[in-house]
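This is entry_34.cif. It holds mmCIF, C-alpha atoms and all ligand atoms.
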```cif
data_my_file
#
loop_
_atom_site.label_atom_id
_atom_site.label_comp_id
_atom_site.auth_asym_id
_atom_site.auth_seq_id
_atom_site.Cartn_x
_atom_site.Cartn_y
_atom_site.Cartn_z
CA MET Y 124 170.18 85.13 43.21
CA SER Y 125 170.68 84.48 46.89
CA LYS Y 126 168.23 82.29 48.78
CA ASP Y 127 167.22 85.15 51.10
CA LEU Y 128 166.56 87.42 48.19
CA LYS Y 129 164.50 84.77 46.48
CA GLU Y 130 162.35 84.40 49.61
CA ASP Y 131 162.10 88.14 49.89
CA VAL Y 132 160.95 88.40 46.29
CA GLY Y 133 158.53 85.54 46.91
CA ASP Y 134 156.98 87.46 49.80
CA HIS Y 135 156.56 90.53 47.64
CA LEU Y 136 154.72 88.48 45.06
CA ASP Y 137 152.09 88.15 47.74
CA ASN Y 138 150.52 84.84 46.83
CA LYS Y 139 149.35 86.01 43.42
CA VAL Y 140 152.18 84.85 41.20
CA GLU Y 141 154.11 81.68 41.53
CA ARG Y 142 157.74 82.17 42.39
CA SER Y 143 160.02 81.82 39.42
CA LYS Y 144 160.68 78.15 38.78
CA SER Y 145 163.85 78.97 36.93
CA GLY Y 146 164.95 81.33 39.65
CA ILE Y 147 165.55 84.17 37.24
CA LEU Y 148 163.48 86.79 39.01
CA SER Y 149 165.49 89.66 40.35
CA ARG Y 150 164.34 92.11 42.99
CA GLY Y 151 163.92 94.84 40.39
CA ALA Y 152 162.01 92.59 38.07
CA ALA Y 153 159.60 91.32 40.71
CA SER Y 154 157.25 94.27 40.76
CA VAL Y 155 157.24 94.45 36.98
CA VAL Y 156 156.44 90.76 36.73
CA THR Y 157 153.71 91.14 39.32
CA ALA Y 158 152.14 94.05 37.50
CA VAL Y 159 152.36 92.42 34.07
CA ALA Y 160 151.15 89.08 35.32
CA MET Y 161 148.20 90.60 37.11
CA LEU Y 162 147.16 92.64 34.12
CA ALA Y 163 147.80 90.34 31.23
CA GLY Y 164 148.77 86.94 32.57
CA VAL Y 165 152.19 85.63 31.68
CA GLY Y 166 152.12 81.92 30.99
CA ALA Y 167 155.59 81.24 32.30
CA PHE Y 168 154.84 82.71 35.70
CA VAL Y 169 151.12 82.25 36.26
CA LEU Y 170 149.51 78.94 37.15
CA SER Y 171 145.83 78.19 36.83
CA SER Y 172 143.96 79.81 39.67
CA ALA Y 173 143.38 76.49 41.41
CA ASP Y 174 147.07 75.61 41.26
CA THR Y 175 148.04 79.07 42.40
CA ALA Y 176 145.73 78.84 45.38
CA LYS Y 177 147.32 75.57 46.33
CA ALA Y 178 150.90 76.69 45.67
CA GLN Y 179 150.76 79.83 47.80
CA ASN Y 180 147.20 79.89 49.16
CA ALA Y 181 145.83 83.37 48.61
CA ASN Y 182 143.32 82.73 51.38
CA TYR Y 183 145.77 82.89 54.22
CA GLY Y 184 144.51 85.28 56.87
CA VAL Y 185 147.81 85.57 58.74
CA ASP Y 186 150.79 87.93 58.65
CA ILE Y 187 153.51 85.27 58.74
CA THR Y 188 152.38 82.68 56.19
CA PRO Y 189 153.37 79.02 55.90
CA LYS Y 190 155.98 78.58 53.16
CA TRP Y 191 156.02 75.51 50.91
CA ASN Y 192 158.72 74.09 48.65
CA ASP Y 193 158.18 72.56 45.20
CA LYS Y 194 157.55 69.14 46.76
CA GLY Y 195 154.72 70.52 48.88
CA GLU Y 196 156.80 70.28 52.04
CA LEU Y 197 156.50 72.91 54.75
CA LEU Y 198 159.64 75.00 55.25
CA GLN Y 199 160.79 75.29 58.83
CA PRO Y 200 159.30 78.45 60.37
CA THR Y 201 162.01 80.83 61.55
CA GLU Y 202 162.22 83.39 64.35
CA PHE Y 203 159.14 82.05 66.09
CA ARG Y 204 160.79 82.57 69.47
CA ALA Y 205 161.20 86.28 68.81
CA LEU Y 206 158.16 87.10 66.71
CA TRP Y 207 155.34 84.71 67.61
CA VAL Y 208 153.08 84.56 70.65
CA TYR Y 209 153.94 81.98 73.30
CA LEU Y 210 150.85 80.09 74.48
CA GLY Y 211 152.14 77.79 77.18
CA SER Y 212 153.99 74.56 77.94
CA PRO Y 213 152.10 71.34 78.61
CA PHE Y 214 154.55 68.96 80.26
CA THR Y 215 154.63 65.15 80.55
CA PRO Y 216 157.83 64.21 82.44
CA ASN Y 217 159.28 60.71 82.29
CA ALA Y 218 158.99 60.34 86.04
CA LEU Y 219 155.20 60.51 85.83
CA ASN Y 220 155.01 58.12 82.83
CA ASN Y 221 156.83 54.99 83.98
CA GLY Y 222 160.14 56.50 82.91
CA LYS Y 223 159.18 56.52 79.24
CA ALA Y 224 156.96 59.42 78.21
CA GLY Y 225 156.61 59.70 74.43
CA PHE Y 226 157.48 63.36 74.82
CA PRO Y 227 159.19 63.86 78.17
CA GLU Y 228 159.88 67.51 77.40
CA TYR Y 229 158.02 70.75 78.02
CA HIS Y 230 155.86 71.36 74.94
CA ASN Y 231 156.39 75.06 74.33
CA VAL Y 232 153.59 76.19 72.01
CA TYR Y 233 153.69 79.30 69.79
CA VAL Y 234 151.29 80.82 67.23
CA GLN Y 235 151.59 83.73 64.79
CA PRO Y 236 150.53 87.10 66.28
CA SER Y 237 147.77 87.63 63.69
CA ALA Y 238 146.28 84.19 64.33
CA PHE Y 239 146.38 84.90 68.07
CA LYS Y 240 144.58 88.21 67.53
CA ALA Y 241 141.99 86.64 65.22
CA TYR Y 242 141.29 83.86 67.70
CA ARG Y 243 140.74 86.34 70.50
CA GLU Y 244 138.34 88.32 68.34
CA THR Y 245 136.42 85.51 66.67
CA GLY Y 246 137.13 82.30 68.56
CA LYS Y 247 138.36 80.79 65.26
CA TRP Y 248 141.81 80.03 63.86
CA PRO Y 249 142.27 81.71 60.44
CA GLU Y 250 143.55 79.91 57.32
CA GLY Y 251 147.33 79.73 57.49
CA THR Y 252 147.46 79.43 61.28
CA MET Y 253 150.57 77.59 62.43
CA MET Y 254 150.72 76.06 65.87
CA LEU Y 255 154.37 75.39 66.60
CA LYS Y 256 155.47 73.14 69.42
CA GLU Y 257 159.14 73.20 70.40
CA LEU Y 258 160.17 70.51 72.85
CA GLN Y 259 162.39 71.46 75.77
CA LEU Y 260 164.03 68.83 77.96
CA VAL Y 261 164.05 68.88 81.72
CA ASP Y 262 167.42 70.14 82.90
CA GLN Y 263 169.22 67.14 84.49
CA ALA Y 264 166.62 64.55 83.56
CA LYS Y 265 167.48 62.22 86.46
CA GLY Y 266 167.09 64.93 89.09
CA ASP Y 267 167.79 64.37 92.79
CA GLU Y 268 164.56 62.68 93.83
CA ALA Y 269 162.89 59.49 92.64
CA ASP Y 270 160.39 61.49 90.60
CA GLY Y 271 163.23 63.24 88.77
CA SER Y 272 162.66 66.54 90.49
CA ARG Y 273 165.48 68.57 92.00
CA TYR Y 274 166.08 71.71 93.97
CA GLU Y 275 166.64 75.32 93.03
CA VAL Y 276 166.51 78.34 95.30
CA SER Y 277 162.88 78.74 94.28
CA GLY Y 278 162.01 75.26 95.53
CA ARG Y 279 161.75 71.61 94.44
CA GLY Y 280 160.61 71.03 90.89
CA TYR Y 281 161.42 70.50 87.24
CA PHE Y 282 163.44 73.12 85.37
CA PRO Y 283 163.80 73.69 81.63
CA GLY Y 284 166.99 72.58 79.86
CA ALA Y 285 168.02 72.06 76.22
CA VAL Y 286 165.53 72.24 73.37
CA ASN Y 287 164.95 68.93 71.63
CA GLY Y 288 162.53 68.94 68.69
CA MET Y 289 159.90 70.74 66.67
CA ASP Y 290 156.36 69.89 65.52
CA VAL Y 291 154.13 72.21 63.50
CA ALA Y 292 150.42 72.07 62.65
CA VAL Y 293 149.13 74.16 59.72
CA LYS Y 294 145.53 75.07 58.99
CA ASP Y 295 145.07 74.99 55.20
CA SER Y 296 141.75 73.68 53.92
CA SER Y 297 143.01 73.48 50.32
CA ARG Y 298 145.72 71.02 51.30
CA PHE Y 299 144.36 69.20 54.32
CA GLY Y 300 140.60 69.01 53.84
CA GLU Y 301 140.70 65.28 54.55
CA THR Y 302 142.07 65.77 58.06
CA LYS Y 303 139.75 68.53 59.26
CA ASN Y 304 141.79 71.23 57.45
CA TRP Y 305 145.02 70.75 59.41
CA GLY Y 306 148.33 69.17 58.34
CA TYR Y 307 150.96 67.98 60.82
CA PHE Y 308 154.73 68.16 60.42
CA ASN Y 309 157.63 66.82 62.42
CA PHE Y 310 160.96 68.60 61.96
CA GLY Y 311 162.88 66.19 64.20
CA HIS Y 312 162.86 64.99 67.78
CA HIS Y 313 166.43 65.85 68.68
CA ALA Y 314 168.69 68.82 69.38
CA PRO Y 315 168.73 71.59 66.73
CA PRO Y 316 169.29 72.17 63.91
CA TYR Y 317 165.90 70.79 62.94
CA ALA Y 318 165.05 69.76 59.36
CA LYS Y 319 164.87 72.50 56.74
CA SER Y 320 161.52 71.18 55.47
CA ALA Y 321 159.07 68.44 56.38
CA ALA Y 322 156.43 66.44 54.50
CA ALA Y 323 152.97 66.14 56.05
CA ALA Y 324 152.86 63.20 58.46
CA PRO Y 325 150.37 60.39 57.78
CA ALA Y 326 147.00 60.98 59.45
CA ALA Y 327 147.49 58.00 61.74
CA SER Y 328 150.69 59.50 63.18
CA CYS Y 329 149.28 62.87 64.15
CA ALA Y 330 145.99 64.20 62.80
CA GLN Y 331 143.83 61.30 63.95
CA CYS Y 332 144.61 61.83 67.62
CA HIS Y 333 143.85 65.54 67.25
CA ILE Y 334 140.58 64.72 65.43
CA ASP Y 335 139.60 62.38 68.23
CA ASN Y 336 140.72 64.40 71.24
CA ALA Y 337 141.35 68.09 70.56
CA GLY Y 338 138.90 71.01 70.52
CA PRO Y 339 136.46 71.48 67.60
CA ASP Y 340 139.20 73.00 65.39
CA MET Y 341 141.97 70.49 66.13
CA VAL Y 342 143.86 72.55 68.71
CA PHE Y 343 144.00 71.68 72.43
CA GLU Y 344 142.87 75.18 73.40
CA LYS Y 345 141.98 74.11 76.89
CA PHE Y 346 145.67 74.21 77.79
CA TYR Y 347 146.20 77.69 76.34
CA LYS Y 348 142.96 79.34 77.46
CA PRO Y 349 144.51 81.42 80.25
CA ILE Y 350 146.96 83.01 77.82
CA LEU Y 351 144.45 83.26 74.97
CA THR Y 352 142.24 85.26 77.31
CA PRO Y 353 143.04 88.97 77.79
CA LEU Y 354 144.47 89.77 81.20
CA PRO Y 355 141.99 91.86 83.20
CA LEU Y 356 143.32 95.36 83.71
CA PRO Y 357 143.83 96.62 87.24
CA GLU Y 358 140.95 98.74 88.57
C1 LIG M 401 148.11 60.42 71.02
C2 LIG M 401 147.61 61.73 70.65
C3 LIG M 401 148.49 62.68 69.84
C4 LIG M 401 149.24 62.39 68.73
C5 LIG M 401 149.43 61.06 68.02
C6 LIG M 401 149.84 63.66 68.30
N1 LIG M 401 149.43 64.66 69.13
FE1 LIG M 401 149.87 66.65 68.94
N2 LIG M 401 149.02 67.00 70.73
C7 LIG M 401 148.35 66.08 71.52
C8 LIG M 401 147.97 66.72 72.79
C9 LIG M 401 147.20 66.04 73.94
C10 LIG M 401 148.43 68.05 72.71
C11 LIG M 401 148.30 69.14 73.79
C12 LIG M 401 148.92 68.74 75.09
C13 LIG M 401 150.36 68.39 75.02
O1 LIG M 401 151.14 68.98 74.26
O2 LIG M 401 150.75 67.46 75.77
C14 LIG M 401 149.06 68.21 71.40
C15 LIG M 401 149.55 69.40 70.94
C16 LIG M 401 150.12 69.58 69.69
C17 LIG M 401 150.54 70.85 69.15
C18 LIG M 401 150.31 72.19 69.81
C19 LIG M 401 148.98 72.78 69.33
C20 LIG M 401 147.76 72.01 69.79
O3 LIG M 401 147.09 71.40 68.92
O4 LIG M 401 147.42 72.03 71.00
C21 LIG M 401 151.12 70.59 67.95
C22 LIG M 401 151.72 71.62 67.00
C23 LIG M 401 151.07 69.16 67.74
N3 LIG M 401 150.43 68.57 68.81
C24 LIG M 401 151.60 68.52 66.63
C25 LIG M 401 151.59 67.13 66.48
C26 LIG M 401 152.31 66.43 65.44
C27 LIG M 401 153.16 67.09 64.36
C28 LIG M 401 152.08 65.09 65.62
C29 LIG M 401 152.62 63.93 64.84
C30 LIG M 401 154.06 63.88 64.63
C31 LIG M 401 151.20 64.97 66.77
N4 LIG M 401 150.92 66.22 67.26
C32 LIG M 401 150.68 63.78 67.22
C33 LIG M 401 148.08 64.80 71.17
C34 LIG M 401 148.63 64.11 70.10
#
```
Do you think you could lay out the structure here as structure tokens?
Amino acid sequence: MSKDLKEDVGDHLDNKVERSKSGILSRGAASVVTAVAMLAGVGAFVLSSADTAKAQNANYGVDITPKWNDKGELLQPTEFRALWVYLGSPFTPNALNNGKAGFPEYHNVYVQPSAFKAYRETGKWPEGTMMLKELQLVDQAKGDEADGSRYEVSGRGYFPGAVNGMDVAVKDSSRFGETKNWGYFNFGHHAPPYAKSAAAAPAASCAQCHIDNAGPDMVFEKFYKPILTPLPLPE
């Protein structure tokens, strides 16, 4: 069975049945297996409810769910540029950080549409929220001026160039209860392609700084507030 088909089948199983470990599910068989497993329980395909919750997390309140491999690593989210909501781009250029910013790129932040909608309605991020940060280098990092800026017809400034890395944060209280319900993943700090999957980073590398400095639910909402807020309609 092709990888795409396997993922497709996995999606149809809808968090209730573990994906086939042996990979023998076919598209046609999936609905049958789902029905049988839900009614009767089929040992080969059904984990204990606790394991199932952890494997696929039935509690996700999002349309595009995080996907995990057998090692518990997060699979790289796909098509976020086309299908997710763009929240903004905090930016820490080298020129303003003694020439050596940890992340000299624009930090382009995206979130799933359903998480965006839920946050607007409730002020809370639902289980399964993914905050995805893609790094984007300044075009011509040295620029024309001492501060690295340069000129375009629109004026003097910094302009976006090549993309250069991906970080993802996932809200999943069953996996990351020890770090305020969020896990943090680095898919590489370099040009694409980024890693296919990533293990959760140690708390000291990522989560701790978010615990200490971010908003109450681990996200730096203050930078995204203008876009998280509905645009007033014209009179
Ligand atoms: C020293 C503090 C610090 C550390 C360590 C850190 N972050 Fe962040 N992170 C921030 C700040 C501040 C922002 C928002 C502003 C920005 O991007 O500059 C942010 C934003 C993010 C965002 C966008 C969503 C949000 O919470 O605002 C993601 C995703 C993210 N970080 C992932 C990671 C990952 C993955 C790691 C570890 C590899 C990591 N962070 C380590 C401080 C930190």
Within 7 Å of (154.2, 72.1, 78.2) in the file's own coordinates, which protein, DNA or RNA residues have an atom, counting all atoms listed in the file? List them as a PDB file with C-alpha atoms, keeping the file's coordinate frame.
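Final file, selection.pdb:
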```
ATOM      1  CA  GLY Y 211     152.140  77.790  77.180  1.00  0.00           C
ATOM      2  CA  SER Y 212     153.990  74.560  77.940  1.00  0.00           C
ATOM      3  CA  PRO Y 213     152.100  71.340  78.610  1.00  0.00           C
ATOM      4  CA  PHE Y 214     154.550  68.960  80.260  1.00  0.00           C
ATOM      5  CA  TYR Y 229     158.020  70.750  78.020  1.00  0.00           C
ATOM      6  CA  HIS Y 230     155.860  71.360  74.940  1.00  0.00           C
ATOM      7  CA  ASN Y 231     156.390  75.060  74.330  1.00  0.00           C
TER       8      ASN Y 231
END
```
Hey, could you make a per-residue contact list for chain Y against ligand LIG 401 (chain M) with 6 Å as the cut-off, showing the nearest pair of atoms and its distance in Å to one decimal, counting only C-alpha atoms and all ligand atoms, sorted by chain and number, as a Markdown table?
```
| residue | atom | partner | partner_atom | distance |
| --- | --- | --- | --- | --- |
| Y:Pro213 | CA | M:LIG401 | C13 | 5.0 |
| Y:His230 | CA | M:LIG401 | O1 | 5.3 |
| Y:Val232 | CA | M:LIG401 | C18 | 5.6 |
| Y:Met254 | CA | M:LIG401 | C22 | 4.7 |
| Y:Leu255 | CA | M:LIG401 | C22 | 4.6 |
| Y:Lys256 | CA | M:LIG401 | C22 | 4.7 |
| Y:Asp290 | CA | M:LIG401 | C27 | 4.4 |
| Y:Val291 | CA | M:LIG401 | C22 | 4.3 |
| Y:Ala292 | CA | M:LIG401 | C22 | 4.6 |
| Y:Tyr307 | CA | M:LIG401 | C27 | 4.3 |
| Y:Phe308 | CA | M:LIG401 | C27 | 4.4 |
| Y:Asn309 | CA | M:LIG401 | C27 | 4.9 |
| Y:Ser328 | CA | M:LIG401 | C29 | 5.1 |
| Y:Cys329 | CA | M:LIG401 | C32 | 3.5 |
| Y:Cys332 | CA | M:LIG401 | C2 | 4.3 |
| Y:His333 | CA | M:LIG401 | C34 | 5.7 |
| Y:Met341 | CA | M:LIG401 | O3 | 5.9 |
| Y:Val342 | CA | M:LIG401 | O3 | 3.4 |
| Y:Phe343 | CA | M:LIG401 | O4 | 3.7 |
```
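With all atoms listed in the file as the basis for measurement, Y:Leu260 is the residue among Y:Ala337, Y:Leu206, Y:Leu354, Y:Leu260 that approaches Ala314 of chain Y most closely.
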Do you know which residues are at most 8 Å from Pro236 of chain Y counting all atoms listed in the file, after dropping those on the same chain fewer than 5 positions away, and could you put them as a list in words? Asp186, Leu206, Trp207 and Val208 of chain Y
Residues within 9 Å of Ser296 of chain Y, please, as a PyMOL selection string. Count all atoms listed in the file; anything in the same chain fewer than 5 positions from it doesn't count. chain Y and resi 250-251+301-305
What does the structure give for the distance between atom CA of Ala285 of chain Y and atom CA of Glu228 of chain Y, in Å to one decimal? 9.4 Å
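Remark: for Tyr281 of chain Y, the closest of the candidate residues Y:Glu344, Y:Pro227, Y:Leu210, Y:Tyr183 is Y:Pro227 (distances computed over all atoms listed in the file).
The space separating atom CA of Arg279 of chain Y from atom CA of Asn217 of chain Y comes to 16.5 Å.
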Smallest atom-to-atom distance to Thr215 of chain Y: which of Y:Leu356, Y:Tyr347, Y:Ser277, Y:Leu258, using all atoms listed in the file? Y:Leu258
Quick one: distance from atom CA of Leu351 of chain Y to atom CA of Glu257 of chain Y in Å, one decimal? 18.4 Å
Radius query 12 Å about (161.7, 71.3, 88.9), atoms used: only C-alpha atoms, as a CSV table (one decimal) with C-alpha atoms, keeping the file's coordinate frame:
```
chain,number,residue,atom,x,y,z
Y,214,PHE,CA,154.6,69.0,80.3
Y,216,PRO,CA,157.8,64.2,82.4
Y,218,ALA,CA,159.0,60.3,86.0
Y,229,TYR,CA,158.0,70.8,78.0
Y,260,LEU,CA,164.0,68.8,78.0
Y,261,VAL,CA,164.0,68.9,81.7
Y,262,ASP,CA,167.4,70.1,82.9
Y,263,GLN,CA,169.2,67.1,84.5
Y,264,ALA,CA,166.6,64.6,83.6
Y,265,LYS,CA,167.5,62.2,86.5
Y,266,GLY,CA,167.1,64.9,89.1
Y,267,ASP,CA,167.8,64.4,92.8
Y,268,GLU,CA,164.6,62.7,93.8
Y,270,ASP,CA,160.4,61.5,90.6
Y,271,GLY,CA,163.2,63.2,88.8
Y,272,SER,CA,162.7,66.5,90.5
Y,273,ARG,CA,165.5,68.6,92.0
Y,274,TYR,CA,166.1,71.7,94.0
Y,275,GLU,CA,166.6,75.3,93.0
Y,276,VAL,CA,166.5,78.3,95.3
Y,277,SER,CA,162.9,78.7,94.3
Y,278,GLY,CA,162.0,75.3,95.5
Y,279,ARG,CA,161.8,71.6,94.4
Y,280,GLY,CA,160.6,71.0,90.9
Y,281,TYR,CA,161.4,70.5,87.2
Y,282,PHE,CA,163.4,73.1,85.4
Y,283,PRO,CA,163.8,73.7,81.6
Y,284,GLY,CA,167.0,72.6,79.9
```
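In this comparison, which uses all atoms listed in the file, the residue of Y:Ala224, Y:Leu197, Y:Ala205, Y:Ala321 approaching Arg298 of chain Y most closely is Y:Leu197.
Each of Y:Gly184, Y:Ala324, Y:Lys190, Y:Asp335 was checked against Tyr242 of chain Y using only C-alpha atoms; the smallest atom-to-atom distance is that of Y:Gly184.
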So which one's closest to Arg243 of chain Y, Y:Pro353, Y:Gly306, Y:Pro200, Y:Gly300? Using only C-alpha atoms, please. Y:Pro353
